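Peer 1: Dropping the structure in here first, questions after.
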Amino acid sequence: MLNRIYISSTEVASRKPFIYFIAILKPVALLYVGQTCQRYGVLGRFFQHLEPDGTLRNRAIEAGIDDFENISIIAVDLSKYNKFGNAYNRYRDALEFLLHCEMKAKGCKSKIPFEVISNVRANIFVNDFELQKLSKEIANEIVDELPYNK
Amino acid sequence: MPSYQLPIVRVLEAIRRIGYTPVSAILDIVDNSIVAEASEIKIIINTKPHPTKKLRQIISDIYICDNGKGMSPSQMTNALILGSPESSYDKNSLSKFGFGLKSAGLSQANRIEVISRNNRNDEWVKYVLDWDSIVDKNEYYILENERIEEVEFNLLKSIGDTGTIVILKKILQVNDASPSKMIKNVIEECGITYHRIIEKKGIIIKVNGELVEPYDPLFLSEASKSVNEYDGTTVCSYFVEPFELPIKTDSHTTMTLNAVQLPYPPMFKNEGRQKEINKKYRMQLKNIGFYIYRNDRLIAKGEKLGLVPSDQDYMSFRASIDFDSSADNDINLDVTKTKVIFPDYAFEALKERMNGIIKNSATLWNLIKIKSNNPNVGESEKTHERSNELLKNSKPIIVDLDKGETKPMENFVEQKKTELKEIYETTPDLIELLKGKRKRIIPVDDLPNVLLWKPGIDFDNNCEVVVYLSKSHPFYEYIYKKLEAGDDALVILDALFLNLAMAETSILAINKEHQKMFEQLRTTASYQLSKFIEVALENAE
């Protein structure tokens with residue numbers, strides 16, 4: 001069987017504010033939640049994660065995983081919401097934190113249970129009710145797209 | 001393989017000393033009434049004169065009566081056997097180990113009597129567990145079909161068709177509980193422990209005739225506002241809706257969190273209501289922390305969990321953790337059901353979600369404390385008023401080190417108006433902010449890329465240089481919001497940012513090629529400062 005790679009959107013390398021979910025299925029089910037608004041979009045960030053010293057690799061090693069296979073990434077384009085733009089943005093940091101926490105409970109309820117290994121930090125905006133509602137909305141929608149429930 | 005007979009008296013001695021207080025023992029028996037779907041539960045604590053101290057009363061016996069489903073004789077035997085079978089408990093039962101009645105009862109009394117029936121056509125039956133008889137015979141056994149006394153028949157009449165009465169007799173005076181204090185505590189503890197069950201199911205609990213009122217320690221019915229609107233006078237919530245966290249991924253179990261910020265009582269001092277507020281919200285160090293519920297029953301209160309300091313600054317912080325009995329095997333819960341230890345992954349998730357909230361709670365408490373002592377502290381119209389007055393005549397200059405002179409730049413900035421307009425574009429909302437106000441310090445809700453400050457030019461007002469400050473930058477949150485309006489330190493900070501802005505515009509008026517460099521300088525410094533405050537400083541705390 002051929003090794004295939006799927007990229008389904010032309011926006012994958014656009015410089016836009018994104019929240020992304022990297023799902024690892026094997027050898028153990030792990031999820032990494034991140035955010036970016038960098039030059040090469042989600043694709044650029046994904047590339048950095050997969051580099052030998054990338055954050056994802058480091059977090060996976062901390063979780064006891066040296067190597068992984070069956071990895072996928074799903075990103076949510078946040079550009080329709082005004083407050084998430086710019087390279088550095090504390091609202092986006094807050095949304096990343098909230099989604100990281102939301103996904104932990106989802107990891108308990110999915111067909112294949114998964115653990116969340118991202119590295120996040122809360123700031124004052126995590127108390128924003130609108131942001132909390134948005135994170136719930138994204139979490140509820142995205143969880144069915146992850147490979148753990150298919 | 002040899003078998004050994006259990007030293008039953010010693011085993012029972014150990015079981016009755018597993019840590020029940022008089023109140024927690026009574027509540028453990030009340031749990032059974034709730035499991036039996038009682039709609040009314042009566043607790044009667046009787047007293048008699050102290051044998052030696054004339055003026056003192058002691059507890060003579062305790063009755064817990066309910067009109068629940070009741071028990072058949074075989075169920076009564078099960079209830080009095082040590083370690084009742086697991087199958088006797090429903091999924092959402094408040095029971096867990098099958099030790100409750102015996103261990104709770106024997107922790108307080110040497111005799112447990114149970115009268116019950118589960119069918120109106122049956123006779124009431126009384127079974128008894130008597131410590132003295134067990135010790136005499138050195139054997140665990142239950143006295144069956146004992147005689148029901150008249151006083152008990154009178155109580156049964158008020159119960160209805162089915163139900164149960166548990167009577168604790170031969171009360172151990174080792175706890176030496178003061179009857180009046182104990183009655184007060186039972187009322188208070190029932191109110192808080194079963195507040196959800198009373199509110200949701202409408203169960204009536206009476207203690208010596210007094211109706212128990214539900215008491216929600218988080219006051220969630222008052223918490224309609226977000227904590228971002230906290231002003232110290234109302235209960236505010238940290239979550240728009242309860243937040244779910246994992247307990248154990250493999251077993252698919254989760255817990256639900258809620259968190260609130262209670263009012264700051266000194267805010268009510270001027271109205272003469274500080275004491276009333278303190279009493280209403282029970283503002284005591286022991287009540288700070290987490291309230292843990294299992295199947296809607298409070299099992300631990302004011303738990304610090306190693307996350308909340310027992311310190312005045314955290315007085316307004318309260319949170320709840322809810323789980324149901326499906327998580328019993330994942331959570332380490334003791335027989336008295338009052339101590340909880342979470343698995344590592346759950347605890348780490350809890351810590352991660354709550355740490356910021358707990359810190360925020362102390363910050364808010366202190367902020368309101370400063371504000372209540374000095375209303376001029378914090379963000380208001382007046383914050384930068386004095387700075388604007390004192391800085392209104394500040395003009396941009398250039399210090400030329402080579403020539404050893406300073407050069408006024410005011411006119412030069414005006415001459416370069418067109419070029420500078422391209423750099424410092426003024427958006428319509430900023431034009432509105434500047435309109436006719438001659439402000440030099442302009443606080444704005446947010447600036448892009450976590451910028452703390454950004455120069456601007458009031459093109460309609462002699463091209464005066466202004467500086468925008470981001471109210472959402474941690475520097476503004478940590479420093480400006482804690483300073484009194486017009487304080488020297490605040491004015492000096494304002495002067496610093498305005499001077500940085502004037503220097504930047506002056507240099508760019510001469511050579512606009514440096515534009516990128518200045519943008520980078522502001523972005524980098526603001527970003528670093530933000531990380532320093534939010535990461536390094538907080539970790540150091």
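Residue numbering restarts at 1 in every chain; chains get A, B, ... in the order shown in the structure tokens, and ligands count up from 1 in that same order.
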With a cut-off of 6 Å and counting only C-alpha atoms, select all residues of chain B in contact with chain A and give the selection as a PyMOL selection string.
Peer 2: chain B and resi 238+240+244-246+249+252+449-450
Peer 1: If you keep N, CA and C atoms, can you produce a file of those selected residues as a CSV table (one decimal), in the first residue's frame?
Peer 2:
```csv
chain,number,residue,atom,x,y,z
B,238,TYR,N,-16.8,32.1,37.6
B,238,TYR,CA,-15.7,32.0,36.7
B,238,TYR,C,-16.0,31.2,35.5
B,240,VAL,N,-18.9,30.1,32.5
B,240,VAL,CA,-20.2,30.4,31.9
B,240,VAL,C,-21.2,29.2,32.1
B,244,GLU,N,-16.2,20.7,32.5
B,244,GLU,CA,-15.9,19.2,32.7
B,244,GLU,C,-14.4,18.9,32.6
B,245,LEU,N,-13.9,18.1,33.5
B,245,LEU,CA,-12.5,17.7,33.5
B,245,LEU,C,-12.5,16.1,33.6
B,246,PRO,N,-11.3,15.6,33.2
B,246,PRO,CA,-11.3,14.1,33.2
B,246,PRO,C,-11.0,13.6,34.6
B,249,THR,N,-9.1,8.5,32.0
B,249,THR,CA,-9.5,8.3,30.6
B,249,THR,C,-10.0,6.9,30.3
B,252,HIS,N,-13.4,6.2,31.3
B,252,HIS,CA,-14.4,7.2,30.8
B,252,HIS,C,-15.1,8.0,31.9
B,449,ASN,N,-0.8,42.5,18.6
B,449,ASN,CA,0.5,41.8,19.0
B,449,ASN,C,1.0,42.0,20.4
B,450,VAL,N,0.0,42.1,21.3
B,450,VAL,CA,0.4,42.2,22.8
B,450,VAL,C,1.2,43.5,23.0
```
Peer 1: Contacts of Lys26 in chain A at 7 Å or less, counting only C-alpha atoms, minus same-chain residues fewer than 2 places along, as a ChimeraX atom specification?
Peer 2: /A:24,28-29,68-70
Peer 1: Write out as a list in words each polymer residue whose atoms come within 10 Å of Gly34 in chain A, counting only C-alpha atoms; drop sequence neighbours fewer than 3 positions from it.
Peer 2: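 Residues near the query, excluding close chain neighbours: Phe18, Ile19, Tyr20, Phe21, Ile22, Leu31, Val42, Arg45, Phe46, Leu56, Ala75, Arg92, Asp93, Leu95, Glu96, Phe97, Leu99, His100, Ser118, Asn119 and Val120 of chain A.
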Peer 1: Those same residues, written as a PDB file, in the first residue's frame with N, CA and C atoms?
Peer 2:
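Generated output (part34.pdb):
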```pdb
ATOM      1  N   PHE A  18      -5.204  30.608  13.619  1.00  0.00           N
ATOM      2  CA  PHE A  18      -5.747  29.239  13.659  1.00  0.00           C
ATOM      3  C   PHE A  18      -5.641  28.654  15.068  1.00  0.00           C
ATOM      4  N   ILE A  19      -6.598  27.822  15.378  1.00  0.00           N
ATOM      5  CA  ILE A  19      -6.466  26.886  16.499  1.00  0.00           C
ATOM      6  C   ILE A  19      -6.345  25.529  15.831  1.00  0.00           C
ATOM      7  N   TYR A  20      -5.378  24.735  16.246  1.00  0.00           N
ATOM      8  CA  TYR A  20      -5.244  23.434  15.587  1.00  0.00           C
ATOM      9  C   TYR A  20      -5.168  22.296  16.601  1.00  0.00           C
ATOM     10  N   PHE A  21      -5.509  21.128  16.099  1.00  0.00           N
ATOM     11  CA  PHE A  21      -5.545  19.922  16.931  1.00  0.00           C
ATOM     12  C   PHE A  21      -4.715  18.858  16.227  1.00  0.00           C
ATOM     13  N   ILE A  22      -3.632  18.433  16.855  1.00  0.00           N
ATOM     14  CA  ILE A  22      -2.815  17.366  16.263  1.00  0.00           C
ATOM     15  C   ILE A  22      -3.155  16.070  16.998  1.00  0.00           C
ATOM     16  N   LEU A  31      -3.406  13.923  22.087  1.00  0.00           N
ATOM     17  CA  LEU A  31      -3.879  15.097  21.354  1.00  0.00           C
ATOM     18  C   LEU A  31      -3.069  16.304  21.787  1.00  0.00           C
ATOM     19  N   VAL A  42      -0.817  26.938   9.346  1.00  0.00           N
ATOM     20  CA  VAL A  42      -0.831  25.693  10.115  1.00  0.00           C
ATOM     21  C   VAL A  42       0.228  24.727   9.606  1.00  0.00           C
ATOM     22  N   ARG A  45       3.547  25.617  11.047  1.00  0.00           N
ATOM     23  CA  ARG A  45       3.598  25.283  12.473  1.00  0.00           C
ATOM     24  C   ARG A  45       3.721  23.765  12.658  1.00  0.00           C
ATOM     25  N   PHE A  46       2.992  23.023  11.825  1.00  0.00           N
ATOM     26  CA  PHE A  46       3.017  21.562  11.893  1.00  0.00           C
ATOM     27  C   PHE A  46       4.432  21.063  11.610  1.00  0.00           C
ATOM     28  N   LEU A  56       5.846  19.415  19.889  1.00  0.00           N
ATOM     29  CA  LEU A  56       5.051  18.187  19.897  1.00  0.00           C
ATOM     30  C   LEU A  56       5.930  16.985  20.217  1.00  0.00           C
ATOM     31  N   ALA A  75      -7.457  22.038  11.700  1.00  0.00           N
ATOM     32  CA  ALA A  75      -7.321  23.421  12.161  1.00  0.00           C
ATOM     33  C   ALA A  75      -8.636  24.173  12.009  1.00  0.00           C
ATOM     34  N   ARG A  92      -6.110  34.572  21.696  1.00  0.00           N
ATOM     35  CA  ARG A  92      -5.858  33.268  21.074  1.00  0.00           C
ATOM     36  C   ARG A  92      -5.176  32.329  22.075  1.00  0.00           C
ATOM     37  N   ASP A  93      -4.270  32.899  22.878  1.00  0.00           N
ATOM     38  CA  ASP A  93      -3.637  32.097  23.939  1.00  0.00           C
ATOM     39  C   ASP A  93      -4.706  31.546  24.880  1.00  0.00           C
ATOM     40  N   LEU A  95      -7.919  31.101  24.285  1.00  0.00           N
ATOM     41  CA  LEU A  95      -8.760  30.097  23.611  1.00  0.00           C
ATOM     42  C   LEU A  95      -8.026  28.753  23.553  1.00  0.00           C
ATOM     43  N   GLU A  96      -6.737  28.815  23.281  1.00  0.00           N
ATOM     44  CA  GLU A  96      -5.925  27.595  23.243  1.00  0.00           C
ATOM     45  C   GLU A  96      -5.968  26.890  24.605  1.00  0.00           C
ATOM     46  N   PHE A  97      -5.832  27.678  25.671  1.00  0.00           N
ATOM     47  CA  PHE A  97      -5.866  27.110  27.023  1.00  0.00           C
ATOM     48  C   PHE A  97      -7.217  26.439  27.290  1.00  0.00           C
ATOM     49  N   LEU A  99      -9.442  25.333  25.186  1.00  0.00           N
ATOM     50  CA  LEU A  99      -9.671  24.135  24.377  1.00  0.00           C
ATOM     51  C   LEU A  99      -8.839  22.955  24.865  1.00  0.00           C
ATOM     52  N   HIS A 100      -7.629  23.253  25.290  1.00  0.00           N
ATOM     53  CA  HIS A 100      -6.770  22.212  25.862  1.00  0.00           C
ATOM     54  C   HIS A 100      -7.502  21.551  27.042  1.00  0.00           C
ATOM     55  N   SER A 118      -0.700  19.026  25.229  1.00  0.00           N
ATOM     56  CA  SER A 118      -0.204  20.348  24.835  1.00  0.00           C
ATOM     57  C   SER A 118       0.336  21.119  26.030  1.00  0.00           C
ATOM     58  N   ASN A 119       1.015  22.185  25.709  1.00  0.00           N
ATOM     59  CA  ASN A 119       1.646  23.015  26.731  1.00  0.00           C
ATOM     60  C   ASN A 119       0.978  24.383  26.673  1.00  0.00           C
ATOM     61  N   VAL A 120       0.167  24.682  27.634  1.00  0.00           N
ATOM     62  CA  VAL A 120      -0.610  25.929  27.548  1.00  0.00           C
ATOM     63  C   VAL A 120      -0.500  26.718  28.845  1.00  0.00           C
TER      64      VAL A 120
END
```
Peer 1: Would you mind listing, for every residue of range 31-96 of chain A within 9 Å of range 138-149 of chain A, the two atoms forming the shortest contact and the distance between them in Å to one decimal, using only C-alpha atoms, sorted by chain and ascending residue number, as a Markdown table?
Peer 2:
```
| residue | atom | partner | partner_atom | distance |
| --- | --- | --- | --- | --- |
| A:Ser72 | CA | A:Pro147 | CA | 8.1 |
| A:Ile73 | CA | A:Leu146 | CA | 8.7 |
| A:Ile74 | CA | A:Leu146 | CA | 7.9 |
| A:Val76 | CA | A:Ile138 | CA | 8.1 |
```
Peer 1: Considering only C-alpha atoms, state which residue in the set B:Leu493, B:Leu500, B:Ala327, B:Ile203 is at the smallest distance from Val35 in chain B.
Peer 2: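 Closest candidate: B:Ile203.
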Peer 1: What is the CA of Ala525 in chain B to CA of Ile423 in chain B distance in Å?
Peer 2: 19.6 Å
Peer 1: List the neighbours of Leu350 in chain B out to 12 Å using only C-alpha atoms; skip same-chain residues closer than 2 positions along the sequence, and give me the result as number ranges by chain.
Peer 2: A: 101-102, 104-105; B: 243-247, 254-259, 290, 305-307, 319-321, 342-348, 352-358
Peer 1: Kindly export the residues of the current selection with N, CA and C atoms, as a compact mmCIF listing (two decimals), in the first residue's frame.
Peer 2:
```
# COMPACT_ATOMS: atom_id res chain seq x y z
N CYS A 101 -8.08 22.38 27.91
CA CYS A 101 -8.79 21.84 29.09
C CYS A 101 -10.08 21.13 28.67
N GLU A 102 -10.82 21.73 27.73
CA GLU A 102 -12.08 21.12 27.26
C GLU A 102 -11.81 19.73 26.69
N LYS A 104 -9.58 17.62 27.36
CA LYS A 104 -9.20 16.59 28.33
C LYS A 104 -10.41 15.76 28.73
N ALA A 105 -11.54 16.46 28.98
CA ALA A 105 -12.75 15.71 29.34
C ALA A 105 -13.27 14.92 28.14
N PHE B 243 -17.70 23.33 34.16
CA PHE B 243 -16.58 22.90 33.32
C PHE B 243 -16.25 21.44 33.60
N GLU B 244 -16.16 20.67 32.53
CA GLU B 244 -15.90 19.24 32.70
C GLU B 244 -14.41 18.92 32.59
N LEU B 245 -13.93 18.09 33.49
CA LEU B 245 -12.53 17.66 33.45
C LEU B 245 -12.46 16.14 33.59
N PRO B 246 -11.35 15.57 33.17
CA PRO B 246 -11.26 14.10 33.23
C PRO B 246 -11.01 13.60 34.65
N ILE B 247 -11.44 12.39 34.92
CA ILE B 247 -10.98 11.70 36.13
C ILE B 247 -10.02 10.62 35.67
N THR B 254 -15.55 11.39 34.33
CA THR B 254 -15.25 12.82 34.37
C THR B 254 -15.82 13.45 35.64
N MET B 255 -15.37 14.67 35.90
CA MET B 255 -15.92 15.44 37.01
C MET B 255 -16.30 16.82 36.46
N THR B 256 -17.15 17.51 37.20
CA THR B 256 -17.61 18.82 36.74
C THR B 256 -17.23 19.89 37.77
N LEU B 257 -16.74 21.00 37.25
CA LEU B 257 -16.27 22.08 38.13
C LEU B 257 -17.16 23.31 38.04
N ASN B 258 -17.23 24.01 39.14
CA ASN B 258 -17.81 25.34 39.14
C ASN B 258 -16.95 26.18 40.07
N ALA B 259 -16.90 27.47 39.84
CA ALA B 259 -16.10 28.32 40.74
C ALA B 259 -16.70 29.70 40.79
N PHE B 290 -12.51 24.04 48.00
CA PHE B 290 -13.32 23.17 47.15
C PHE B 290 -14.41 22.46 47.95
N LEU B 305 -6.98 21.01 48.95
CA LEU B 305 -6.39 20.12 47.93
C LEU B 305 -4.95 20.50 47.57
N GLY B 306 -4.30 21.21 48.46
CA GLY B 306 -2.93 21.64 48.17
C GLY B 306 -2.86 22.71 47.10
N LEU B 307 -4.01 23.25 46.73
CA LEU B 307 -4.05 24.25 45.65
C LEU B 307 -4.41 25.64 46.18
N ALA B 319 -15.14 26.74 45.11
CA ALA B 319 -15.35 25.96 43.88
C ALA B 319 -16.01 24.64 44.25
N SER B 320 -16.71 24.07 43.29
CA SER B 320 -17.30 22.76 43.54
C SER B 320 -16.76 21.75 42.54
N ILE B 321 -16.66 20.51 42.99
CA ILE B 321 -16.27 19.40 42.11
C ILE B 321 -17.36 18.35 42.25
N PHE B 342 -7.71 12.28 44.24
CA PHE B 342 -7.91 12.12 42.80
C PHE B 342 -6.70 11.44 42.16
N PRO B 343 -6.92 10.69 41.07
CA PRO B 343 -5.77 10.14 40.34
C PRO B 343 -4.93 11.27 39.73
N ASP B 344 -3.67 10.98 39.43
CA ASP B 344 -2.73 12.02 38.99
C ASP B 344 -3.23 12.86 37.81
N TYR B 345 -3.72 12.17 36.75
CA TYR B 345 -4.11 12.89 35.52
C TYR B 345 -5.26 13.85 35.84
N ALA B 346 -6.18 13.40 36.69
CA ALA B 346 -7.31 14.24 37.09
C ALA B 346 -6.82 15.42 37.92
N PHE B 347 -5.93 15.14 38.85
CA PHE B 347 -5.46 16.20 39.72
C PHE B 347 -4.67 17.25 38.92
N GLU B 348 -3.85 16.78 37.98
CA GLU B 348 -3.08 17.71 37.15
C GLU B 348 -4.02 18.59 36.31
N GLU B 352 -4.25 22.56 36.70
CA GLU B 352 -4.01 23.39 35.53
C GLU B 352 -5.18 24.37 35.29
N ARG B 353 -6.41 23.85 35.41
CA ARG B 353 -7.59 24.70 35.15
C ARG B 353 -7.81 25.70 36.28
N MET B 354 -7.49 25.29 37.51
CA MET B 354 -7.88 26.13 38.65
C MET B 354 -6.79 27.09 39.13
N ASN B 355 -5.52 26.79 38.86
CA ASN B 355 -4.44 27.64 39.40
C ASN B 355 -4.62 29.12 39.09
N GLY B 356 -4.90 29.42 37.81
CA GLY B 356 -5.07 30.81 37.41
C GLY B 356 -6.25 31.45 38.11
N ILE B 357 -7.31 30.67 38.26
CA ILE B 357 -8.53 31.18 38.91
C ILE B 357 -8.25 31.49 40.38
N ILE B 358 -7.53 30.60 41.02
CA ILE B 358 -7.22 30.80 42.44
C ILE B 358 -6.37 32.06 42.63
```
